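This report concerns only the one structure given below.
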Amino acid sequence: MAFDIDLIKKVYADLPGKVAAARKTLGRPLTLTEKILYTHLHPENPLKEYTRGGDYVFFQPDRVAMQDATAQMALLQFMMAGRDKVAVPSTVHCDHLIQAKVGAEKDLAVANDVNKEVYDFLSTVSDKYNIGFWKPGAGIIHQIVLENYAFPGGMMIGTDSHTPNGGGLGMIAIGVGGADAVDVMAGMPWELKQPKVIGVKLTGKLSGWTTPKDVILKVAGILTVKGGTGAIVEYFGEGAKSMSCTGKGTICNMGAEIGATTSTFGYDESMSRYLKATDRADVAELADGVAEHLTGDAEVYANPEKYFDRVIEIDLNTLEPHINGPYTPDRAFPISEFAAAVDEFEFPPVLEVGLIGSCTNSSYEDLDRAANIAKDAKTKGLKFKSEFTVTPGSEQIRYTVERDGILDAFEAIDGVVLANACGPCIGQWDRHTDDPNRANSIITSFNRNFAKRNDGNPQTRGFVASPELVTAMALSGSMKFNPLTDTLTNDKGEQVKLAPPQGYELPPNGFAVEDAGFQAPAEDGSGIEVVVSPTSDRLQLLTPFKPIKNEQVQNMRILIKAKGKCTTDHISMAGPWLKFRGHLQNISNNCLIGAINAYSEKTNTVLNYVTNDYMAVPESGMAYRDNGIGQIVVGEENYGEGSSREHAAMEPRWLGVHAVLVKSFARIHETNLKKQGMLALTFANPADYDLFRQDDKISIVDFNEFQPGKQLTLRLDHADGSSDTVKTNHTYNAAQVDWVRAGSALNKIREDVAAGK
């Protein structure tokens, strides 16, 4: 039986009436996206048509999920909100802090030892505030959610950018920063700009080496890393129905890489099968009863151009396997063109490591199909020529694939099984290498491949592909290998060709697990005390941010003018820094150390005008802050792309940055800046980026007039006595302006709770 079954029953009981009311109000057929959004309006919002890409809307999500790295800061903030327990079902998942080194058992034991303080904190806070707790080793947040909590037509938020994985089960599942999670857990309305809707029509059927992963790799190549910003991607068509539920999850998961708010699919037989296989036949039965409301209206899919803001069509019959990268997940190559690309772009031709699994591709089907290739290789006298690792997505998956001999198939040809955790996908990888700075190539079935993302080496060219293709490439050891056309030399010197992969969608003998790793909260947490040591270097209680005053935004200095791509990995690196995610002061020592300084083309060195010397970015920020000098960060397009980590907003705030001015923002990061009471501004004229000189003093001349829809004006006073004026735009509404005036959204929540609102 499912978790939260009473909640799901209520959602489905109310669904037909709410959908009918929305369809009547809008006066037209509805996309699935609109059905879910309009049936989750917060009571503070009237039922009316909201302008896509224009109106801010309050929603009422059904649940919240948090991974351990972001949960620390989210729960430290929730402890300040004045609530006795969470207002909606919420969970914490310990998946990010386990470093991959030698193998699952030893790596998990080390993690339980070195992270004990953090795990104890998360467990205790969960107990106190009625939050479900998934222990280390239980699995990756998104796989656990898909197996236990996701349900068609539901709406959830999660403090991880790949929360959209839940769209594989027909949800609107959106990645957010921790402050957004605090809103929902505190019973407040959750705000989102009404998304645009992109329709992706899938025709035909996947076959051979082509997989659901190749669908999203193709879409990423079409839309780029910012093409989905401000939009929800809705997949439909016979091709969508022909794919497994977990395959749909893969596509939705990696939709974060096109900047999409989320992605989703309509309810179908594959979802029903998956619900039943994961012991949720009760949810499947309920969903079957309202199935017509859990997908877009037929008229929408018959005439998609009338109802979607953009329509893309992909024929699965002709879709090729893809490899995307390096350094960005939207640089897409069909496999037939990749060998030539290796030569043309001088990618290191030897494949050093192949890694499969992760939250994106660790389903039973994924691992079974990859193991099928490994078994075929074994019979043909082949072994891995590249290092090869497998990361199961959950303990349920791991236990089941071990029972069914799937893990044995990898280990039989020298594969290594890692812990059920994020591991190398997020930089938690103690890589075996003879030179940590050498140019090299790796291929993963993960979702991101930014520079230094996996192993900290800026010279590692990371590529993304399906688990099947990664497995085949690792058998060859070559970046130029194409398993659709090429042969390999076996241990007898014979030329052999790999057979196309096959595998079961779901385990024929059902899923099994001895201990899934779930810990239910205490029935009454009122007597539980959460203790944080004042001398801890891992955890630190928060002090509320103070509101930004007019005098603080006069004569500001530039902390850094970032050049080119500046993701949340550049702003707040993961990897070894994950251990400080619950300690704002310590984690702030990595603030913007990966960003490229436009004035020097270097990282983590900026000229400071207090010391008149070059300093590391965090040290420069502290020097300005401690001398009462406000700061601004300047950047380019899609600033803050990548993970949902709100640390990338909290760290500059802690260092004394008052404004971030860029050509465009990634959605989650812009919201995170707003939540922390900062100014998130965009150039009215992007060319004005070039006006900012290293020695400028910058003033927001009309800060006291800050209000919705009104531009803010910056004056740049140059050291030579000249000046320039720059107009900036923003997307703050009245409530968000109040966050700035209060110092942060959390400060405003606390004020409202104290006032009994």
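Residues in the structure tokens are named by chain (A, B, ... in the order shown) and by number from 1 within that chain; ligands are numbered from 1 in the order shown.
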
Just want the 9 Å neighbourhood of segment 85-90 of chain A, counted on only C-alpha atoms, with same-chain residues fewer than 3 positions away dropped. Output as a PDB file with all heavy atoms, in the first residue's frame.
ATOM      1  N   ASP A   4       0.845   7.873   2.181  1.00  0.00           N
ATOM      2  CA  ASP A   4      -0.054   9.020   1.967  1.00  0.00           C
ATOM      3  C   ASP A   4      -1.297   8.667   1.154  1.00  0.00           C
ATOM      4  O   ASP A   4      -1.791   9.474   0.364  1.00  0.00           O
ATOM      5  CB  ASP A   4       0.690  10.174   1.272  1.00  0.00           C
ATOM      6  CG  ASP A   4       2.031  10.489   1.914  1.00  0.00           C
ATOM      7  OD1 ASP A   4       2.106  10.459   3.147  1.00  0.00           O
ATOM      8  OD2 ASP A   4       2.991  10.756   1.172  1.00  0.00           O
ATOM      9  N   PRO A  61       1.366  22.483  -3.337  1.00  0.00           N
ATOM     10  CA  PRO A  61       1.905  21.154  -3.634  1.00  0.00           C
ATOM     11  C   PRO A  61       1.440  20.107  -2.628  1.00  0.00           C
ATOM     12  O   PRO A  61       1.113  20.419  -1.474  1.00  0.00           O
ATOM     13  CB  PRO A  61       3.415  21.361  -3.561  1.00  0.00           C
ATOM     14  CG  PRO A  61       3.616  22.828  -3.767  1.00  0.00           C
ATOM     15  CD  PRO A  61       2.432  23.469  -3.112  1.00  0.00           C
ATOM     16  N   ASP A  62       1.471  18.849  -3.069  1.00  0.00           N
ATOM     17  CA  ASP A  62       1.027  17.743  -2.222  1.00  0.00           C
ATOM     18  C   ASP A  62       2.101  17.277  -1.256  1.00  0.00           C
ATOM     19  O   ASP A  62       1.790  16.740  -0.196  1.00  0.00           O
ATOM     20  CB  ASP A  62       0.607  16.554  -3.095  1.00  0.00           C
ATOM     21  CG  ASP A  62      -0.557  16.887  -4.006  1.00  0.00           C
ATOM     22  OD1 ASP A  62      -1.559  17.427  -3.504  1.00  0.00           O
ATOM     23  OD2 ASP A  62      -0.453  16.622  -5.219  1.00  0.00           O
ATOM     24  N   ARG A  63       3.371  17.452  -1.645  1.00  0.00           N
ATOM     25  CA  ARG A  63       4.429  16.955  -0.770  1.00  0.00           C
ATOM     26  C   ARG A  63       5.760  17.637  -1.089  1.00  0.00           C
ATOM     27  O   ARG A  63       5.902  18.316  -2.111  1.00  0.00           O
ATOM     28  CB  ARG A  63       4.566  15.432  -0.880  1.00  0.00           C
ATOM     29  CG  ARG A  63       5.012  14.892  -2.223  1.00  0.00           C
ATOM     30  CD  ARG A  63       5.295  13.387  -2.139  1.00  0.00           C
ATOM     31  NE  ARG A  63       6.250  13.073  -1.100  1.00  0.00           N
ATOM     32  CZ  ARG A  63       5.929  12.530   0.089  1.00  0.00           C
ATOM     33  NH1 ARG A  63       4.683  12.210   0.353  1.00  0.00           N
ATOM     34  NH2 ARG A  63       6.853  12.305   0.999  1.00  0.00           N
ATOM     35  N   VAL A  64       6.748  17.383  -0.188  1.00  0.00           N
ATOM     36  CA  VAL A  64       8.102  17.941  -0.304  1.00  0.00           C
ATOM     37  C   VAL A  64       9.108  16.810  -0.106  1.00  0.00           C
ATOM     38  O   VAL A  64       8.925  15.953   0.760  1.00  0.00           O
ATOM     39  CB  VAL A  64       8.355  19.037   0.759  1.00  0.00           C
ATOM     40  CG1 VAL A  64       9.815  19.477   0.767  1.00  0.00           C
ATOM     41  CG2 VAL A  64       7.441  20.235   0.525  1.00  0.00           C
ATOM     42  N   ALA A  65      10.179  16.815  -0.907  1.00  0.00           N
ATOM     43  CA  ALA A  65      11.285  15.871  -0.712  1.00  0.00           C
ATOM     44  C   ALA A  65      12.592  16.655  -0.676  1.00  0.00           C
ATOM     45  O   ALA A  65      12.749  17.645  -1.394  1.00  0.00           O
ATOM     46  CB  ALA A  65      11.316  14.831  -1.827  1.00  0.00           C
ATOM     47  N   MET A  66      13.515  16.199   0.168  1.00  0.00           N
ATOM     48  CA  MET A  66      14.804  16.893   0.332  1.00  0.00           C
ATOM     49  C   MET A  66      15.939  15.880   0.361  1.00  0.00           C
ATOM     50  O   MET A  66      15.830  14.864   1.048  1.00  0.00           O
ATOM     51  CB  MET A  66      14.819  17.694   1.649  1.00  0.00           C
ATOM     52  CG  MET A  66      13.778  18.788   1.744  1.00  0.00           C
ATOM     53  SD  MET A  66      13.541  19.393   3.451  1.00  0.00           S
ATOM     54  CE  MET A  66      12.420  18.134   4.088  1.00  0.00           C
ATOM     55  N   PHE A  78      13.850  25.934   8.337  1.00  0.00           N
ATOM     56  CA  PHE A  78      12.517  25.580   8.851  1.00  0.00           C
ATOM     57  C   PHE A  78      12.460  25.709  10.373  1.00  0.00           C
ATOM     58  O   PHE A  78      11.429  26.107  10.933  1.00  0.00           O
ATOM     59  CB  PHE A  78      12.149  24.155   8.435  1.00  0.00           C
ATOM     60  CG  PHE A  78      10.776  23.734   8.897  1.00  0.00           C
ATOM     61  CD1 PHE A  78       9.640  24.193   8.240  1.00  0.00           C
ATOM     62  CD2 PHE A  78      10.614  22.906  10.000  1.00  0.00           C
ATOM     63  CE1 PHE A  78       8.374  23.832   8.669  1.00  0.00           C
ATOM     64  CE2 PHE A  78       9.354  22.541  10.437  1.00  0.00           C
ATOM     65  CZ  PHE A  78       8.224  23.004   9.767  1.00  0.00           C
ATOM     66  N   SER A 126      14.013  15.374  11.576  1.00  0.00           N
ATOM     67  CA  SER A 126      12.909  14.661  10.933  1.00  0.00           C
ATOM     68  C   SER A 126      11.964  14.092  11.972  1.00  0.00           C
ATOM     69  O   SER A 126      10.729  14.175  11.839  1.00  0.00           O
ATOM     70  CB  SER A 126      13.463  13.545  10.035  1.00  0.00           C
ATOM     71  OG  SER A 126      14.247  14.068   8.989  1.00  0.00           O
ATOM     72  N   LYS A 128      11.465  15.162  14.979  1.00  0.00           N
ATOM     73  CA  LYS A 128      10.775  16.229  15.707  1.00  0.00           C
ATOM     74  C   LYS A 128       9.641  16.837  14.899  1.00  0.00           C
ATOM     75  O   LYS A 128       8.564  17.131  15.445  1.00  0.00           O
ATOM     76  CB  LYS A 128      11.774  17.325  16.095  1.00  0.00           C
ATOM     77  CG  LYS A 128      11.145  18.477  16.890  1.00  0.00           C
ATOM     78  CD  LYS A 128      12.180  19.457  17.370  1.00  0.00           C
ATOM     79  CE  LYS A 128      11.556  20.569  18.206  1.00  0.00           C
ATOM     80  NZ  LYS A 128      10.909  20.072  19.433  1.00  0.00           N
ATOM     81  N   TYR A 129       9.852  17.008  13.604  1.00  0.00           N
ATOM     82  CA  TYR A 129       8.890  17.772  12.802  1.00  0.00           C
ATOM     83  C   TYR A 129       8.019  16.896  11.885  1.00  0.00           C
ATOM     84  O   TYR A 129       7.417  17.389  10.942  1.00  0.00           O
ATOM     85  CB  TYR A 129       9.628  18.832  11.983  1.00  0.00           C
ATOM     86  CG  TYR A 129      10.256  19.908  12.839  1.00  0.00           C
ATOM     87  CD1 TYR A 129      11.638  19.977  13.008  1.00  0.00           C
ATOM     88  CD2 TYR A 129       9.471  20.859  13.497  1.00  0.00           C
ATOM     89  CE1 TYR A 129      12.219  20.965  13.790  1.00  0.00           C
ATOM     90  CE2 TYR A 129      10.038  21.849  14.284  1.00  0.00           C
ATOM     91  CZ  TYR A 129      11.414  21.893  14.427  1.00  0.00           C
ATOM     92  OH  TYR A 129      11.986  22.880  15.213  1.00  0.00           O
ATOM     93  N   ASN A 130       7.980  15.587  12.165  1.00  0.00           N
ATOM     94  CA  ASN A 130       7.088  14.663  11.441  1.00  0.00           C
ATOM     95  C   ASN A 130       7.484  14.500   9.972  1.00  0.00           C
ATOM     96  O   ASN A 130       6.654  14.537   9.068  1.00  0.00           O
ATOM     97  CB  ASN A 130       5.632  15.128  11.538  1.00  0.00           C
ATOM     98  CG  ASN A 130       4.651  14.012  11.179  1.00  0.00           C
ATOM     99  OD1 ASN A 130       4.877  12.851  11.498  1.00  0.00           O
ATOM    100  ND2 ASN A 130       3.575  14.359  10.509  1.00  0.00           N
ATOM    101  N   ILE A 131       8.779  14.281   9.760  1.00  0.00           N
ATOM    102  CA  ILE A 131       9.332  14.116   8.417  1.00  0.00           C
ATOM    103  C   ILE A 131       9.851  12.688   8.262  1.00  0.00           C
ATOM    104  O   ILE A 131      10.563  12.179   9.134  1.00  0.00           O
ATOM    105  CB  ILE A 131      10.476  15.126   8.186  1.00  0.00           C
ATOM    106  CG1 ILE A 131       9.946  16.561   8.273  1.00  0.00           C
ATOM    107  CG2 ILE A 131      11.160  14.886   6.845  1.00  0.00           C
ATOM    108  CD1 ILE A 131      11.043  17.620   8.311  1.00  0.00           C
ATOM    109  N   GLY A 132       9.511  12.028   7.159  1.00  0.00           N
ATOM    110  CA  GLY A 132      10.041  10.700   6.888  1.00  0.00           C
ATOM    111  C   GLY A 132      11.524  10.767   6.577  1.00  0.00           C
ATOM    112  O   GLY A 132      11.983  11.672   5.874  1.00  0.00           O
ATOM    113  N   PHE A 133      12.293   9.800   7.080  1.00  0.00           N
ATOM    114  CA  PHE A 133      13.750   9.828   6.955  1.00  0.00           C
ATOM    115  C   PHE A 133      14.233   8.549   6.276  1.00  0.00           C
ATOM    116  O   PHE A 133      13.952   7.444   6.741  1.00  0.00           O
ATOM    117  CB  PHE A 133      14.386   9.958   8.345  1.00  0.00           C
ATOM    118  CG  PHE A 133      15.892  10.016   8.354  1.00  0.00           C
ATOM    119  CD1 PHE A 133      16.559  11.152   7.921  1.00  0.00           C
ATOM    120  CD2 PHE A 133      16.640   8.935   8.813  1.00  0.00           C
ATOM    121  CE1 PHE A 133      17.944  11.215   7.939  1.00  0.00           C
ATOM    122  CE2 PHE A 133      18.023   8.986   8.839  1.00  0.00           C
ATOM    123  CZ  PHE A 133      18.679  10.123   8.396  1.00  0.00           C
ATOM    124  N   VAL A 182      10.724  25.371   2.562  1.00  0.00           N
ATOM    125  CA  VAL A 182      10.295  25.878   3.872  1.00  0.00           C
ATOM    126  C   VAL A 182       8.900  26.491   3.772  1.00  0.00           C
ATOM    127  O   VAL A 182       8.049  26.282   4.637  1.00  0.00           O
ATOM    128  CB  VAL A 182      11.316  26.903   4.415  1.00  0.00           C
ATOM    129  CG1 VAL A 182      10.772  27.593   5.665  1.00  0.00           C
ATOM    130  CG2 VAL A 182      12.632  26.217   4.732  1.00  0.00           C
ATOM    131  N   VAL A 184       6.428  25.684   1.801  1.00  0.00           N
ATOM    132  CA  VAL A 184       5.410  24.641   1.708  1.00  0.00           C
ATOM    133  C   VAL A 184       5.313  23.856   3.013  1.00  0.00           C
ATOM    134  O   VAL A 184       4.217  23.560   3.497  1.00  0.00           O
ATOM    135  CB  VAL A 184       5.704  23.705   0.519  1.00  0.00           C
ATOM    136  CG1 VAL A 184       4.680  22.577   0.448  1.00  0.00           C
ATOM    137  CG2 VAL A 184       5.698  24.506  -0.782  1.00  0.00           C
ATOM    138  N   MET A 185       6.461  23.534   3.603  1.00  0.00           N
ATOM    139  CA  MET A 185       6.437  22.801   4.872  1.00  0.00           C
ATOM    140  C   MET A 185       5.813  23.633   5.993  1.00  0.00           C
ATOM    141  O   MET A 185       5.265  23.086   6.953  1.00  0.00           O
ATOM    142  CB  MET A 185       7.845  22.359   5.260  1.00  0.00           C
ATOM    143  CG  MET A 185       8.411  21.282   4.350  1.00  0.00           C
ATOM    144  SD  MET A 185       9.956  20.543   4.955  1.00  0.00           S
ATOM    145  CE  MET A 185      11.078  21.933   4.873  1.00  0.00           C
ATOM    146  N   ALA A 186       5.904  24.948   5.860  1.00  0.00           N
ATOM    147  CA  ALA A 186       5.319  25.831   6.876  1.00  0.00           C
ATOM    148  C   ALA A 186       3.842  26.125   6.615  1.00  0.00           C
ATOM    149  O   ALA A 186       3.208  26.863   7.373  1.00  0.00           O
ATOM    150  CB  ALA A 186       6.098  27.140   6.943  1.00  0.00           C
ATOM    151  N   GLY A 187       3.298  25.552   5.541  1.00  0.00           N
ATOM    152  CA  GLY A 187       1.877  25.754   5.249  1.00  0.00           C
ATOM    153  C   GLY A 187       1.583  27.019   4.490  1.00  0.00           C
ATOM    154  O   GLY A 187       0.427  27.439   4.392  1.00  0.00           O
ATOM    155  N   MET A 188       2.623  27.630   3.916  1.00  0.00           N
ATOM    156  CA  MET A 188       2.438  28.851   3.150  1.00  0.00           C
ATOM    157  C   MET A 188       2.185  28.502   1.684  1.00  0.00           C
ATOM    158  O   MET A 188       2.561  27.433   1.209  1.00  0.00           O
ATOM    159  CB  MET A 188       3.682  29.735   3.256  1.00  0.00           C
ATOM    160  CG  MET A 188       4.149  29.996   4.678  1.00  0.00           C
ATOM    161  SD  MET A 188       3.036  31.038   5.635  1.00  0.00           S
ATOM    162  CE  MET A 188       3.441  32.634   4.916  1.00  0.00           C
ATOM    163  N   GLY A 525       6.649  14.652  18.330  1.00  0.00           N
ATOM    164  CA  GLY A 525       8.025  15.132  18.366  1.00  0.00           C
ATOM    165  C   GLY A 525       8.243  16.326  19.276  1.00  0.00           C
ATOM    166  O   GLY A 525       9.333  16.887  19.294  1.00  0.00           O
ATOM    167  N   SER A 526       7.221  16.698  20.032  1.00  0.00           N
ATOM    168  CA  SER A 526       7.312  17.939  20.810  1.00  0.00           C
ATOM    169  C   SER A 526       8.418  17.904  21.857  1.00  0.00           C
ATOM    170  O   SER A 526       8.974  18.948  22.217  1.00  0.00           O
ATOM    171  CB  SER A 526       5.969  18.236  21.493  1.00  0.00           C
ATOM    172  OG  SER A 526       5.600  17.168  22.350  1.00  0.00           O
TER     173      SER A 526
END

> Where in segment 136-325 of chain A does DSSP assign strand (DSSP E), given as number ranges by chain?
Replying inline: A: 155-158, 172-175, 190-193, 196-203, 231-236, 262-265, 310-315, 322-324

>> For a quick check of understanding, using only C-alpha atoms, which of A:Met650, A:Met271, A:Glu636, A:Glu641 has the smallest distance to Ile587 of chain A?
In response: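 Ranked by minimum distance to Ile587 of chain A, first place goes to A:Met650.
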
> Which is closest to Ala240 of chain A among A:Gly259, A:Pro164, A:Gly228, A:Gly170, if we use only C-alpha atoms?
Replying inline: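 Between A:Gly259, A:Pro164, A:Gly228, A:Gly170, the residue approaching Ala240 of chain A most closely is A:Gly170.
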
>> Can you pull out the residues contacting Val11 of chain A? Cut-off 12 Å, using only C-alpha atoms, and skip same-chain residues under 3 positions away; I want them as a ChimeraX atom specification.
In response: /A:4-8,14-19,36,39-40,60-62,151-155,283,286-287,290,293-294

> Between A:Asp288, A:Ile174, A:Asn672, A:Met615, which has the minimum distance to Leu746 of chain A (counting only C-alpha atoms)?
Replying inline: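 Using only C-alpha atoms, Leu746 of chain A sits closest to A:Asn672.
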
> Lys383 of chain A: which residues within 10 Å, counting only C-alpha atoms, same-chain residues fewer than 2 positions away excluded, as a list of chain:residue names?
Replying inline: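 So, after excluding close chain neighbours, the residues are A:Ala374, A:Ala377, A:Lys378, A:Lys380, A:Gly381, A:Lys385, A:Ser386, A:Phe410, A:Ala412, A:Ile413, A:Asp414, A:Gly415, A:Ala474, A:Leu475, A:Ser476, A:Gly477, A:Asn490, A:Asp491.
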
Atoms kept (C-alpha atoms) for selection, written as a compact mmCIF listing (two decimals), in the first residue's frame:
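out36.txt written:
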# COMPACT_ATOMS: atom_id res chain seq x y z
CA ALA A 374 27.82 -7.56 -20.35
CA ALA A 377 30.43 -9.74 -23.98
CA LYS A 378 31.30 -12.54 -21.55
CA LYS A 380 32.15 -13.62 -26.77
CA GLY A 381 35.37 -13.38 -24.79
CA LYS A 385 38.92 -2.12 -21.40
CA SER A 386 37.86 1.00 -19.48
CA PHE A 410 28.98 -6.71 -14.53
CA ALA A 412 32.17 -11.09 -14.10
CA ILE A 413 33.93 -8.80 -16.58
CA ASP A 414 35.56 -6.55 -13.96
CA GLY A 415 32.80 -3.99 -13.27
CA ALA A 474 33.64 0.75 -21.99
CA LEU A 475 34.08 -2.71 -23.52
CA SER A 476 35.92 -1.10 -26.42
CA GLY A 477 37.96 1.42 -24.44
CA ASN A 490 38.08 -10.85 -28.29
CA ASP A 491 40.52 -12.90 -26.22

>> Set the distance at 12 Å and use only C-alpha atoms: which residues neighbour Ser620 of chain A once local chain neighbours fewer than 4 positions away are removed? I'd like the list as a ChimeraX atom specification.
In response: /A:557-560,588-589,591-593,604-616,624-627,629-631,652,655-657

Grab the residues selected above and save them as a tab-separated table (two decimals), in the first residue's frame with N, CA, C and O atoms.
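Saved as part.tsv:
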chain	number	residue	atom	x	y	z
A	557	ARG	N	31.20	47.80	-4.78
A	557	ARG	CA	32.31	47.29	-5.58
A	557	ARG	C	31.88	45.97	-6.26
A	557	ARG	O	30.99	45.27	-5.79
A	558	ILE	N	32.54	45.65	-7.36
A	558	ILE	CA	32.27	44.40	-8.06
A	558	ILE	C	33.04	43.27	-7.36
A	558	ILE	O	34.27	43.32	-7.28
A	559	LEU	N	32.33	42.31	-6.81
A	559	LEU	CA	33.01	41.15	-6.23
A	559	LEU	C	33.68	40.36	-7.35
A	559	LEU	O	34.86	40.02	-7.26
A	560	ILE	N	32.92	40.07	-8.40
A	560	ILE	CA	33.49	39.44	-9.58
A	560	ILE	C	32.59	39.72	-10.78
A	560	ILE	O	31.36	39.79	-10.64
A	588	SER	N	30.75	29.12	2.64
A	588	SER	CA	30.95	30.37	1.90
A	588	SER	C	32.39	30.56	1.44
A	588	SER	O	32.67	31.42	0.60
A	589	ASN	N	33.29	29.75	1.96
A	589	ASN	CA	34.67	29.81	1.49
A	589	ASN	C	34.86	29.25	0.09
A	589	ASN	O	35.97	29.31	-0.46
A	591	CYS	N	32.65	30.31	-2.33
A	591	CYS	CA	31.77	31.17	-3.12
A	591	CYS	C	32.46	31.71	-4.38
A	591	CYS	O	33.45	32.43	-4.30
A	592	LEU	N	31.92	31.31	-5.54
A	592	LEU	CA	32.37	31.82	-6.84
A	592	LEU	C	33.82	31.52	-7.15
A	592	LEU	O	34.42	32.15	-8.03
A	593	ILE	N	34.40	30.53	-6.51
A	593	ILE	CA	35.80	30.23	-6.77
A	593	ILE	C	35.99	29.54	-8.13
A	593	ILE	O	37.11	29.46	-8.64
A	604	ASN	N	39.10	32.41	-9.20
A	604	ASN	CA	39.39	32.63	-7.78
A	604	ASN	C	40.53	33.59	-7.52
A	604	ASN	O	41.32	33.42	-6.60
A	605	THR	N	40.61	34.64	-8.32
A	605	THR	CA	41.53	35.73	-8.03
A	605	THR	C	40.92	37.02	-8.56
A	605	THR	O	40.63	37.13	-9.76
A	606	VAL	N	40.68	37.97	-7.66
A	606	VAL	CA	40.07	39.25	-8.02
A	606	VAL	C	40.82	40.37	-7.32
A	606	VAL	O	41.37	40.19	-6.23
A	607	LEU	N	40.80	41.53	-7.95
A	607	LEU	CA	41.46	42.69	-7.36
A	607	LEU	C	40.54	43.32	-6.34
A	607	LEU	O	39.39	43.65	-6.63
A	608	ASN	N	41.05	43.48	-5.12
A	608	ASN	CA	40.26	44.05	-4.03
A	608	ASN	C	40.72	45.48	-3.76
A	608	ASN	O	41.93	45.73	-3.63
A	609	TYR	N	39.76	46.41	-3.65
A	609	TYR	CA	40.11	47.82	-3.51
A	609	TYR	C	40.16	48.29	-2.06
A	609	TYR	O	40.32	49.48	-1.80
A	610	VAL	N	40.06	47.35	-1.12
A	610	VAL	CA	40.39	47.66	0.27
A	610	VAL	C	41.88	47.41	0.49
A	610	VAL	O	42.60	48.24	1.05
A	611	THR	N	42.34	46.27	0.00
A	611	THR	CA	43.76	45.90	0.18
A	611	THR	C	44.63	46.32	-1.00
A	611	THR	O	45.85	46.30	-0.91
A	612	ASN	N	43.97	46.68	-2.14
A	612	ASN	CA	44.69	46.96	-3.39
A	612	ASN	C	45.61	45.82	-3.78
A	612	ASN	O	46.74	46.02	-4.24
A	613	ASP	N	45.08	44.61	-3.60
A	613	ASP	CA	45.84	43.41	-3.93
A	613	ASP	C	44.88	42.36	-4.47
A	613	ASP	O	43.66	42.45	-4.27
A	614	TYR	N	45.43	41.35	-5.14
A	614	TYR	CA	44.60	40.26	-5.63
A	614	TYR	C	44.32	39.28	-4.50
A	614	TYR	O	45.23	38.94	-3.72
A	615	MET	N	43.06	38.83	-4.43
A	615	MET	CA	42.64	37.94	-3.36
A	615	MET	C	41.72	36.87	-3.92
A	615	MET	O	41.17	37.01	-5.02
A	616	ALA	N	41.54	35.79	-3.15
A	616	ALA	CA	40.52	34.81	-3.49
A	616	ALA	C	39.15	35.48	-3.38
A	616	ALA	O	38.96	36.43	-2.59
A	624	TYR	N	35.49	43.42	1.84
A	624	TYR	CA	34.52	44.48	1.55
A	624	TYR	C	33.45	44.54	2.65
A	624	TYR	O	33.13	45.62	3.17
A	625	ARG	N	32.88	43.38	2.97
A	625	ARG	CA	31.81	43.33	3.98
A	625	ARG	C	32.27	43.91	5.30
A	625	ARG	O	31.57	44.73	5.92
A	626	ASP	N	33.43	43.49	5.74
A	626	ASP	CA	33.91	43.92	7.06
A	626	ASP	C	34.29	45.39	7.10
A	626	ASP	O	34.46	45.98	8.17
A	627	ASN	N	34.43	46.00	5.91
A	627	ASN	CA	34.72	47.44	5.84
A	627	ASN	C	33.48	48.23	5.41
A	627	ASN	O	33.61	49.40	5.02
A	629	ILE	N	31.45	47.92	2.85
A	629	ILE	CA	31.31	48.22	1.42
A	629	ILE	C	30.42	47.17	0.77
A	629	ILE	O	30.71	45.97	0.82
A	630	GLY	N	29.32	47.60	0.17
A	630	GLY	CA	28.42	46.68	-0.52
A	630	GLY	C	29.05	46.14	-1.79
A	630	GLY	O	30.00	46.72	-2.33
A	631	GLN	N	28.50	45.03	-2.27
A	631	GLN	CA	29.07	44.38	-3.45
A	631	GLN	C	27.98	43.99	-4.44
A	631	GLN	O	26.82	43.79	-4.08
A	652	PRO	N	26.85	34.34	-1.37
A	652	PRO	CA	27.09	35.76	-1.67
A	652	PRO	C	26.39	36.69	-0.70
A	652	PRO	O	26.93	37.73	-0.31
A	655	LEU	N	28.40	36.98	2.31
A	655	LEU	CA	29.63	37.75	2.07
A	655	LEU	C	29.35	39.24	1.89
A	655	LEU	O	30.30	40.03	1.82
A	656	GLY	N	28.08	39.63	1.80
A	656	GLY	CA	27.76	41.05	1.67
A	656	GLY	C	27.41	41.50	0.28
A	656	GLY	O	27.41	42.70	-0.01
A	657	VAL	N	27.11	40.55	-0.63
A	657	VAL	CA	26.64	40.91	-1.96
A	657	VAL	C	25.17	41.30	-1.87
A	657	VAL	O	24.36	40.58	-1.29

> Got a sec: who's within 6 Å of Thr713 of chain A, counting only C-alpha atoms, leaving out chain neighbours fewer than 5 positions off, as a list in words?
Replying inline: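 So, after excluding close chain neighbours, the residues are Ile700, Val701, Val726 and Lys727 of chain A.
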